[in-house]
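Structure data (compact mmCIF, C-alpha atoms) from input16.txt:
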# COMPACT_ATOMS: atom_id res chain seq x y z
CA MET A 831 0.00 0.00 0.00
CA THR A 832 1.38 3.37 -1.00
CA VAL A 833 1.90 6.32 1.32
CA ASN A 834 -0.88 8.30 -0.39
CA ALA A 835 -3.32 5.44 0.03
CA VAL A 836 -2.49 5.21 3.74
CA LYS A 837 -3.03 8.94 4.16
CA THR A 838 -6.36 8.76 2.30
CA GLN A 839 -7.51 5.86 4.45
CA THR A 840 -6.48 7.69 7.63
CA ARG A 841 -8.33 10.86 6.60
CA GLY A 842 -11.40 8.78 5.82
CA GLN A 843 -11.29 7.13 9.24
CA LEU A 844 -10.87 10.51 10.97
CA LYS A 845 -13.77 11.97 9.01
CA GLU A 846 -15.99 9.01 9.88
CA LYS A 847 -14.99 9.32 13.53
CA ASN A 848 -15.81 13.04 13.50
CA HIS A 849 -19.21 12.31 11.94
CA ARG A 850 -19.96 9.78 14.66
CA LEU A 851 -18.93 12.21 17.38
CA PHE A 852 -21.02 14.97 15.78
CA ASN A 853 -24.08 12.70 15.57
CA LEU A 854 -23.55 11.55 19.14
CA GLY A 855 -23.24 15.15 20.35
CA GLY A 856 -26.35 16.23 18.44
CA THR A 857 -28.36 13.34 19.81
CA ALA A 858 -27.17 14.02 23.37
CA TYR A 859 -28.03 17.72 22.99
CA THR A 860 -31.59 16.96 21.86
CA TYR A 861 -32.14 14.54 24.75
CA ILE A 862 -30.74 17.03 27.26
CA SER A 863 -32.94 19.82 25.89
CA MET A 864 -36.01 17.59 26.01
CA ALA A 865 -35.22 16.49 29.58
CA LEU A 866 -34.64 20.13 30.65
CA ILE A 867 -38.03 21.23 29.28
CA VAL A 868 -39.79 18.31 30.96
CA CYS A 869 -38.01 19.06 34.24
CA VAL A 870 -38.94 22.75 34.17
CA PHE A 871 -42.58 21.94 33.43
CA SER A 872 -42.65 19.23 36.09
CA PHE A 873 -41.07 21.57 38.65
CA ILE A 874 -43.67 24.28 37.97
CA LEU A 875 -46.48 21.73 38.16
CA VAL A 876 -45.17 20.23 41.41
CA VAL A 877 -44.81 23.65 43.08
CA VAL A 878 -48.30 24.77 42.02
CA PHE A 879 -49.76 21.44 43.09
CA ARG A 880 -47.91 21.53 46.40
CA TYR A 881 -49.28 24.92 47.44
CA GLY A 882 -52.62 24.93 45.61
CA PHE A 883 -54.06 21.44 46.05
CA GLY A 884 -54.97 21.98 49.70
CA VAL A 885 -57.26 24.87 48.73
CA LEU A 886 -59.26 22.93 46.15
CA SER A 887 -62.74 21.96 47.25
CA TRP A 888 -66.27 22.00 45.90
CA HIS A 889 -66.91 25.23 47.82
CA PHE A 890 -63.79 26.81 46.31
CA LEU A 891 -64.94 25.96 42.77
CA THR A 892 -68.61 26.91 43.16
CA SER A 893 -68.62 30.04 45.36
CA GLU A 894 -67.97 33.65 44.41
CA PRO A 895 -64.81 35.42 45.59
CA ASN A 896 -64.86 37.80 48.53
CA PRO A 897 -62.48 40.74 49.01
CA SER A 898 -60.92 39.43 52.20
CA ALA A 899 -57.35 39.23 53.43
CA LEU A 900 -58.10 35.87 55.12
CA ASP A 901 -57.86 32.69 53.03
CA ALA A 902 -60.79 31.13 54.87
CA ALA A 903 -63.06 34.08 54.09
CA SER A 904 -61.87 34.73 50.53
CA GLY A 905 -64.62 32.67 48.93
CA GLY A 906 -64.07 30.76 45.71
CA ILE A 907 -63.39 31.18 42.02
CA LEU A 908 -66.79 30.63 40.41
CA THR A 909 -67.05 34.03 38.71
CA PRO A 910 -63.40 34.02 37.56
CA ILE A 911 -64.03 30.62 35.92
CA ILE A 912 -67.25 31.88 34.31
CA GLY A 913 -65.47 35.07 33.23
CA THR A 914 -62.65 33.07 31.68
CA PHE A 915 -65.06 31.00 29.60
CA LEU A 916 -67.15 34.04 28.64
CA LEU A 917 -64.10 35.90 27.40
CA THR A 918 -62.81 32.83 25.56
CA ILE A 919 -66.11 32.22 23.78
CA ILE A 920 -66.50 35.85 22.70
CA GLY A 921 -62.91 36.07 21.45
CA ILE A 922 -62.91 32.80 19.51
CA VAL A 923 -66.37 33.38 17.98
CA LEU A 924 -65.22 36.77 16.68
CA ALA A 925 -61.80 35.58 15.48
CA PHE A 926 -62.84 32.32 13.81
CA PRO A 927 -64.64 33.61 10.67
CA PHE A 928 -61.99 36.24 9.92
CA ALA A 929 -59.13 33.81 10.52
CA LEU A 930 -60.71 31.13 8.32
CA ALA A 931 -61.48 33.59 5.51
CA THR A 932 -57.92 34.94 5.59
CA ALA A 933 -56.42 31.43 5.59
CA ILE A 934 -58.59 30.42 2.61
CA TYR A 935 -57.59 33.58 0.75
CA LEU A 936 -53.88 33.02 1.35
CA CYS A 937 -54.06 29.36 0.32
CA PHE A 938 -56.38 29.41 -2.70
CA TYR A 939 -57.01 32.90 -4.05
CA THR A 940 -54.01 35.15 -3.68
CA LYS A 941 -51.01 35.00 -5.98
CA LYS A 942 -47.44 35.95 -5.30
CA GLY A 943 -47.22 39.72 -5.34
CA LEU A 944 -47.24 42.88 -3.30
CA PHE A 945 -50.70 42.42 -1.78
CA ARG A 946 -49.96 38.89 -0.59
CA THR A 947 -46.70 40.13 0.91
CA LEU A 948 -48.57 42.89 2.73
CA VAL A 949 -51.15 40.47 4.13
CA LYS A 950 -48.51 37.98 5.26
CA GLY A 951 -46.43 40.78 6.74
CA ALA A 952 -49.41 42.19 8.62
CA VAL A 953 -50.17 38.75 10.10
CA ASP A 954 -46.54 38.23 11.12
CA ILE A 955 -46.20 41.70 12.66
CA LEU A 956 -49.49 41.39 14.55
CA SER A 957 -48.33 38.09 16.03
CA GLY A 958 -45.27 39.86 17.42
CA VAL A 959 -47.07 42.86 18.94
CA PRO A 960 -47.07 42.60 22.76
CA THR A 961 -50.53 42.08 24.24
CA ILE A 962 -50.08 45.14 26.45
CA VAL A 963 -49.84 47.29 23.29
CA ILE A 964 -53.04 45.73 21.90
CA ALA A 965 -54.71 46.38 25.26
CA MET A 966 -53.64 50.04 25.19
CA PHE A 967 -55.03 50.34 21.66
CA ALA A 968 -58.35 48.92 22.89
CA LEU A 969 -58.38 51.33 25.82
CA VAL A 970 -58.07 54.30 23.45
CA ILE A 971 -60.60 53.07 20.87
CA PHE A 972 -63.33 51.67 23.11
CA THR A 973 -63.49 54.69 25.38
CA LEU A 974 -64.86 56.73 22.48
CA PRO A 975 -68.46 57.76 23.22
CA GLN A 976 -69.61 56.30 19.89
CA LEU A 977 -68.68 52.83 21.18
CA GLY A 978 -70.34 53.28 24.56
CA PHE A 979 -72.86 50.53 23.73
CA LEU A 980 -70.07 47.97 24.20
CA SER A 981 -69.52 49.01 27.82
CA THR A 982 -71.12 51.85 29.79
CA MET A 983 -70.94 55.60 29.65
CA ILE A 984 -69.10 57.47 32.38
CA GLU A 985 -71.64 59.27 34.54
CA GLY A 986 -71.39 61.77 37.34
CA VAL A 987 -68.17 63.39 36.11
CA GLU A 988 -68.53 66.93 34.87
CA GLY A 989 -67.24 67.43 31.34
CA ALA A 990 -66.64 63.70 30.79
CA SER A 991 -68.37 62.32 27.73
CA ARG A 992 -66.58 59.06 27.21
CA ALA A 993 -67.32 55.38 27.48
CA TYR A 994 -65.88 53.36 30.33
CA GLY A 995 -64.22 51.09 27.75
CA ARG A 996 -63.94 48.03 29.98
CA SER A 997 -66.29 45.08 29.68
CA PHE A 998 -66.51 41.47 28.59
CA LEU A 999 -67.50 42.62 25.09
CA VAL A 1000 -64.54 45.00 24.83
CA ALA A 1001 -62.08 42.47 26.21
CA GLY A 1002 -63.53 39.72 23.97
CA ILE A 1003 -63.11 41.83 20.84
CA THR A 1004 -59.55 42.69 21.89
CA MET A 1005 -58.78 39.02 22.53
CA GLY A 1006 -60.13 38.17 19.08
CA ILE A 1007 -57.70 40.65 17.53
CA MET A 1008 -54.83 39.27 19.62
CA ILE A 1009 -55.30 35.64 18.58
CA LEU A 1010 -56.04 36.34 14.89
CA PRO A 1011 -52.48 35.78 13.58
CA PHE A 1012 -51.99 32.55 15.54
CA VAL A 1013 -55.31 31.07 14.41
CA ILE A 1014 -54.69 32.21 10.81
CA LYS A 1015 -51.31 30.49 10.66
CA SER A 1016 -52.65 27.30 12.21
CA MET A 1017 -55.58 27.18 9.81
CA GLU A 1018 -53.38 27.99 6.84
CA GLU A 1019 -51.16 25.02 7.65
CA ALA A 1020 -54.21 22.79 8.05
CA LEU A 1021 -55.52 23.82 4.62
CA LYS A 1022 -52.12 23.30 3.00
CA ALA A 1023 -52.00 19.78 4.44
CA VAL A 1024 -55.05 18.68 2.42
CA PRO A 1025 -53.80 16.36 -0.39
CA GLY A 1026 -53.82 17.98 -3.80
CA SER A 1027 -55.50 14.89 -5.25
CA TYR A 1028 -58.66 15.78 -3.29
CA ILE A 1029 -58.81 19.19 -4.94
CA ASP A 1030 -57.92 17.92 -8.42
CA GLY A 1031 -60.51 15.15 -8.18
CA SER A 1032 -63.25 17.57 -7.14
CA LEU A 1033 -62.43 20.01 -9.93
CA ALA A 1034 -62.26 17.17 -12.44
CA LEU A 1035 -65.80 16.15 -11.48
CA GLY A 1036 -67.07 19.61 -12.41
CA ALA A 1037 -67.21 21.32 -9.03
CA THR A 1038 -66.37 25.00 -8.87
CA LYS A 1039 -63.41 26.29 -6.91
CA TRP A 1040 -65.59 27.52 -4.05
CA GLN A 1041 -67.59 24.27 -3.98
CA THR A 1042 -64.32 22.37 -3.75
CA ILE A 1043 -63.10 24.52 -0.89
CA TYR A 1044 -66.42 24.38 0.97
CA LYS A 1045 -67.31 20.73 0.43
CA VAL A 1046 -63.92 19.04 0.17
CA VAL A 1047 -61.06 21.11 1.60
CA LEU A 1048 -62.77 22.36 4.75
CA ASN A 1049 -64.13 18.91 5.50
CA ALA A 1050 -60.72 17.29 5.04
CA ALA A 1051 -58.99 19.97 7.14
CA ARG A 1052 -61.65 20.00 9.84
CA ASP A 1053 -59.50 18.47 12.57
CA GLY A 1054 -56.65 20.90 11.89
CA LEU A 1055 -59.04 23.85 11.90
CA VAL A 1056 -60.49 22.78 15.24
CA THR A 1057 -56.95 22.41 16.59
CA GLY A 1058 -56.25 26.02 15.59
CA VAL A 1059 -59.39 27.14 17.42
CA ILE A 1060 -58.36 25.25 20.57
CA LEU A 1061 -54.87 26.74 20.51
CA GLY A 1062 -56.40 30.20 20.13
CA MET A 1063 -58.60 29.52 23.14
CA GLY A 1064 -55.48 28.63 25.12
CA ARG A 1065 -53.94 31.99 24.23
CA ILE A 1066 -57.02 33.81 25.49
CA ILE A 1067 -57.22 31.85 28.73
CA GLY A 1068 -53.59 32.55 29.59
CA ASP A 1069 -53.52 36.28 28.85
CA THR A 1070 -53.42 38.88 31.63
CA ALA A 1071 -52.56 42.28 30.09
CA ILE A 1072 -55.73 42.55 28.00
CA VAL A 1073 -57.86 41.35 30.92
CA TRP A 1074 -56.28 43.91 33.20
CA LEU A 1075 -56.83 46.90 30.91
CA ALA A 1076 -59.88 45.92 28.84
CA LEU A 1077 -62.00 43.97 31.33
CA GLY A 1078 -61.46 45.97 34.49
CA GLY A 1079 -60.37 45.41 38.04
CA SER A 1080 -63.33 43.75 39.71
CA ILE A 1081 -63.08 40.26 41.23
CA ARG A 1082 -66.85 39.83 40.88
CA MET A 1083 -69.33 40.36 38.08
CA THR A 1084 -70.62 43.92 37.96
CA GLY A 1085 -73.73 45.25 36.30
CA ASN A 1086 -77.27 44.34 37.22
CA GLN A 1087 -77.55 41.61 39.83
CA PRO A 1088 -77.93 38.72 39.97
CA TRP A 1089 -75.53 38.52 37.05
CA PHE A 1090 -76.68 35.01 36.03
CA ALA A 1091 -80.34 35.98 35.54
CA PRO A 1092 -81.26 35.91 31.80
CA GLU A 1093 -82.59 39.47 31.91
CA ASN A 1094 -79.18 40.66 33.17
CA TRP A 1095 -76.94 38.85 30.67
CA ILE A 1096 -76.53 41.89 28.41
CA SER A 1097 -75.71 44.07 31.40
CA THR A 1098 -73.13 41.51 32.56
CA LEU A 1099 -71.44 41.50 29.15
CA ARG A 1100 -71.35 45.31 29.06
CA ASN A 1101 -69.70 45.57 32.48
CA SER A 1102 -66.40 44.56 34.01
CA GLY A 1103 -65.52 41.28 35.70
CA CYS A 1104 -62.70 38.89 36.41
CA THR A 1105 -60.91 35.90 34.92
CA LEU A 1106 -58.65 33.32 36.49
CA THR A 1107 -55.49 35.18 35.44
CA SER A 1108 -56.60 38.51 36.93
CA TYR A 1109 -57.89 36.73 40.05
CA ILE A 1110 -54.48 35.13 40.52
CA TYR A 1111 -52.88 38.55 40.25
CA TYR A 1112 -55.30 40.12 42.73
CA THR A 1113 -54.80 37.40 45.35
CA SER A 1114 -51.05 36.81 44.96
CA PRO A 1115 -48.35 38.73 46.87
CA ALA A 1116 -47.12 40.01 43.49
CA GLY A 1117 -50.43 41.80 42.99
CA GLU A 1118 -52.77 43.48 45.41
CA GLY A 1119 -53.36 40.61 47.82
CA ASN A 1120 -51.53 38.33 50.18
CA GLN A 1121 -53.41 35.05 49.74
CA PHE A 1122 -50.62 32.76 48.69
CA ASP A 1123 -52.47 29.43 48.80
CA VAL A 1124 -55.61 30.81 47.16
CA ALA A 1125 -53.58 32.18 44.24
CA PHE A 1126 -51.91 28.80 43.76
CA GLY A 1127 -55.27 27.04 43.93
CA ALA A 1128 -56.60 29.21 41.13
CA SER A 1129 -53.33 28.66 39.22
CA LEU A 1130 -53.79 24.89 39.48
CA VAL A 1131 -57.29 25.16 37.99
CA LEU A 1132 -55.97 27.38 35.19
CA ILE A 1133 -53.15 24.96 34.36
CA ALA A 1134 -55.62 22.06 34.36
CA ILE A 1135 -57.83 23.86 31.83
CA ILE A 1136 -54.86 24.65 29.56
CA ILE A 1137 -53.60 21.04 29.77
CA LEU A 1138 -57.06 19.76 28.80
CA LEU A 1139 -57.17 22.12 25.81
CA ASN A 1140 -53.74 20.97 24.64
CA LEU A 1141 -54.73 17.32 25.05
CA MET A 1142 -57.82 17.98 22.94
CA ALA A 1143 -55.67 19.63 20.25
CA SER A 1144 -53.24 16.70 20.31
CA LEU A 1145 -56.01 14.11 20.05
CA LEU A 1146 -57.67 15.96 17.19
CA GLY A 1147 -54.34 16.23 15.38
CA LYS A 1148 -53.73 12.47 15.72
CA ALA A 1149 -57.27 11.74 14.60
CA GLY A 1150 -56.75 13.87 11.50
CA VAL A 1151 -53.47 12.12 10.64
CA LYS A 1152 -55.06 8.68 11.07
CA LYS A 1153 -58.14 9.68 9.05
CA HIS A 1154 -56.24 11.12 6.07
CA GLY A 1155 -53.28 8.76 6.14

Show the structure stored in the file as structure tokens.
Amino acid sequence: MTVNAVKTQTRGQLKEKNHRLFNLGGTAYTYISMALIVCVFSFILVVVFRYGFGVLSWHFLTSEPNPSALDAASGGILTPIIGTFLLTIIGIVLAFPFALATAIYLCFYTKKGLFRTLVKGAVDILSGVPTIVIAMFALVIFTLPQLGFLSTMIEGVEGASRAYGRSFLVAGITMGIMILPFVIKSMEEALKAVPGSYIDGSLALGATKWQTIYKVVLNAARDGLVTGVILGMGRIIGDTAIVWLALGGSIRMTGNQPWFAPENWISTLRNSGCTLTSYIYYTSPAGEGNQFDVAFGASLVLIAIIILLNLMASLLGKAGVKKHG
């Protein structure tokens, strides 16, 4: 064997060894990263469970909160739970049709050009705007007297002709704006995942483009679309800045009482209230209260709701994969 051949063989062995070390390092890095994320999540869950589980009871879940400095007299989290679901429903109902229409437009109607770039850029920029900025925008817009029907008008203040600008309707609309880019992107990916053969087959049978989208594409992408809705709901449930500025600072439902009476539903929606995130802030030492265990109890309920939503999204995603191959 010549000297050159030996050198070539040696270089080949070194290169193969380097590749093996690189692959081993990459694999180890991914496992370490995965373990770190699981550990962080587990640590948070254990801490919240440790301090919050003792507070959980049927009374805690079904009674209204009381403004008390004593844990035993602080009541429960019924209205924050109801407020969370009210806000989530309003936000997702408002965002869904606009998000779906935008996703359909981006997937099937727009062509590469300036307008498509503007739409995609607007979606990307909106997804990066901090929620506190969106909340400030809502505070400016919805305090205009022309939009007073969404909340209530300020009364008893001389020279003040503005709307209060804080209510479930205002916060729900603001939440819908906040989640739009995330739901649009999720739905766009779901529509792109529909096999092209479905579309070609429908068009070949004489269906129009809109009939194909409505009858074939949306039906095939249904699970992915629902997953996008669920993820958007998770964003609403976990937000605090918009709740703080656009919903108000009350730990109970305001408006006409009792708030749950059918004749008072409109009044309830037009007035301020509370969600689990704002309740946690009010009761925690970081906020305006000093009810450590109560805040962790509410946090445990909030985490449980978010986990259930993510499990639903995961199950729907797996069902869609199994259904469409």

Residue neighbourhood Ile984 of chain A, 7 Å, all atoms listed in the file, exclusion window fewer than 4 positions, as a list in words: Ala990, Ser991, Arg992, Ala993 and Tyr994 of chain A

Looking at A:Val1124, A:Cys1104, A:Ile971, A:Leu1035, which one is nearest to Phe998 of chain A, with distances taken over only C-alpha atoms? A:Cys1104

Which residues are near Leu1048 of chain A? Cut-off 12 Å, all atoms listed in the file, ignore same chain within fewer than 5 positions. Put them as an MDAnalysis selection string. chainID A and resid 930:931 933:934 1017:1018 1020:1025 1028:1029 1040:1043 1053:1056

Once you have the residues from the selection above, write them out as a tab-separated table (two decimals), in the coordinates of the input, restricted to C-alpha atoms.
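Contents of selection30.tsv, as written:
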chain	number	residue	atom	x	y	z
A	930	LEU	CA	-60.71	31.13	8.32
A	931	ALA	CA	-61.48	33.59	5.51
A	933	ALA	CA	-56.42	31.43	5.59
A	934	ILE	CA	-58.59	30.42	2.61
A	1017	MET	CA	-55.58	27.18	9.81
A	1018	GLU	CA	-53.38	27.99	6.84
A	1020	ALA	CA	-54.21	22.79	8.05
A	1021	LEU	CA	-55.52	23.82	4.62
A	1022	LYS	CA	-52.12	23.30	3.00
A	1023	ALA	CA	-52.00	19.78	4.44
A	1024	VAL	CA	-55.05	18.68	2.42
A	1025	PRO	CA	-53.80	16.36	-0.39
A	1028	TYR	CA	-58.66	15.78	-3.29
A	1029	ILE	CA	-58.81	19.19	-4.94
A	1040	TRP	CA	-65.59	27.52	-4.05
A	1041	GLN	CA	-67.59	24.27	-3.98
A	1042	THR	CA	-64.32	22.37	-3.75
A	1043	ILE	CA	-63.10	24.52	-0.89
A	1053	ASP	CA	-59.50	18.47	12.57
A	1054	GLY	CA	-56.65	20.90	11.89
A	1055	LEU	CA	-59.04	23.85	11.90
A	1056	VAL	CA	-60.49	22.78	15.24

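One finds atom CA of Ile1009 of chain A at 15.1 Å from atom CA of Lys950 of chain A.
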
If you measure from atom CA of Ile1060 of chain A to atom CA of Met1142 of chain A, what distance in Å do you get, rounded to one decimal?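 Separation of atom CA of Ile1060 of chain A and atom CA of Met1142 of chain A: 7.7 Å.
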
Restricting the calculation to only C-alpha atoms, which member of A:Met1083, A:Ile874, A:Leu908, A:Val1013 is positioned closest to His889 of chain A?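 For His889 of chain A, the nearest of the candidates is A:Leu908.
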
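Distance-wise, atom CA of Thr1105 of chain A and atom CA of Gly913 of chain A end up 4.9 Å apart.
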
Give me, as JSON, numbers by chain, all polymer residues having an atom no more than 10 Å from Phe915 of chain A, counting all atoms listed in the file and skipping those fewer than 2 positions away in the same chain. {"A": [909, 910, 911, 912, 913, 917, 918, 919, 920, 921, 1063, 1066, 1067, 1105, 1106]}

From the list A:Ile1096, A:Leu854, A:Val885, A:Cys937, the nearest residue to Leu999 of chain A using only C-alpha atoms is A:Ile1096

What lies within 7 Å of Ala1125 of chain A using only C-alpha atoms, ignoring chain neighbours under 6 positions off, as a list in words?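 The neighbour list is Ile1110, Thr1113 and Ser1114 of chain A.
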
Surrounding residues of Val876 of chain A excluding itself and chain neighbours under 6 positions, 12 Å, only C-alpha atoms, as JSON, numbers by chain: {"A": [868, 869, 870, 882, 883, 1126, 1129, 1130, 1133]}

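Shortest separation to Leu1132 of chain A among A:Gly958, A:Gly1068, A:Gly1036, A:Gly1103 occurs at residue A:Gly1068, atoms counted being only C-alpha atoms.
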
Which residue, A:Phe852, A:Ala1128, A:Asn1086, A:Gly1002, has the smallest gap to Leu891 of chain A when you use only C-alpha atoms?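 Among A:Phe852, A:Ala1128, A:Asn1086, A:Gly1002, it is A:Ala1128 that comes nearest to Leu891 of chain A.
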
Nearest candidate to Thr982 of chain A (options A:Gly1085, A:Gly1006, A:Gly856, A:Gly884; using all atoms listed in the file):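 Smallest distance to Thr982 of chain A is found for A:Gly1085.
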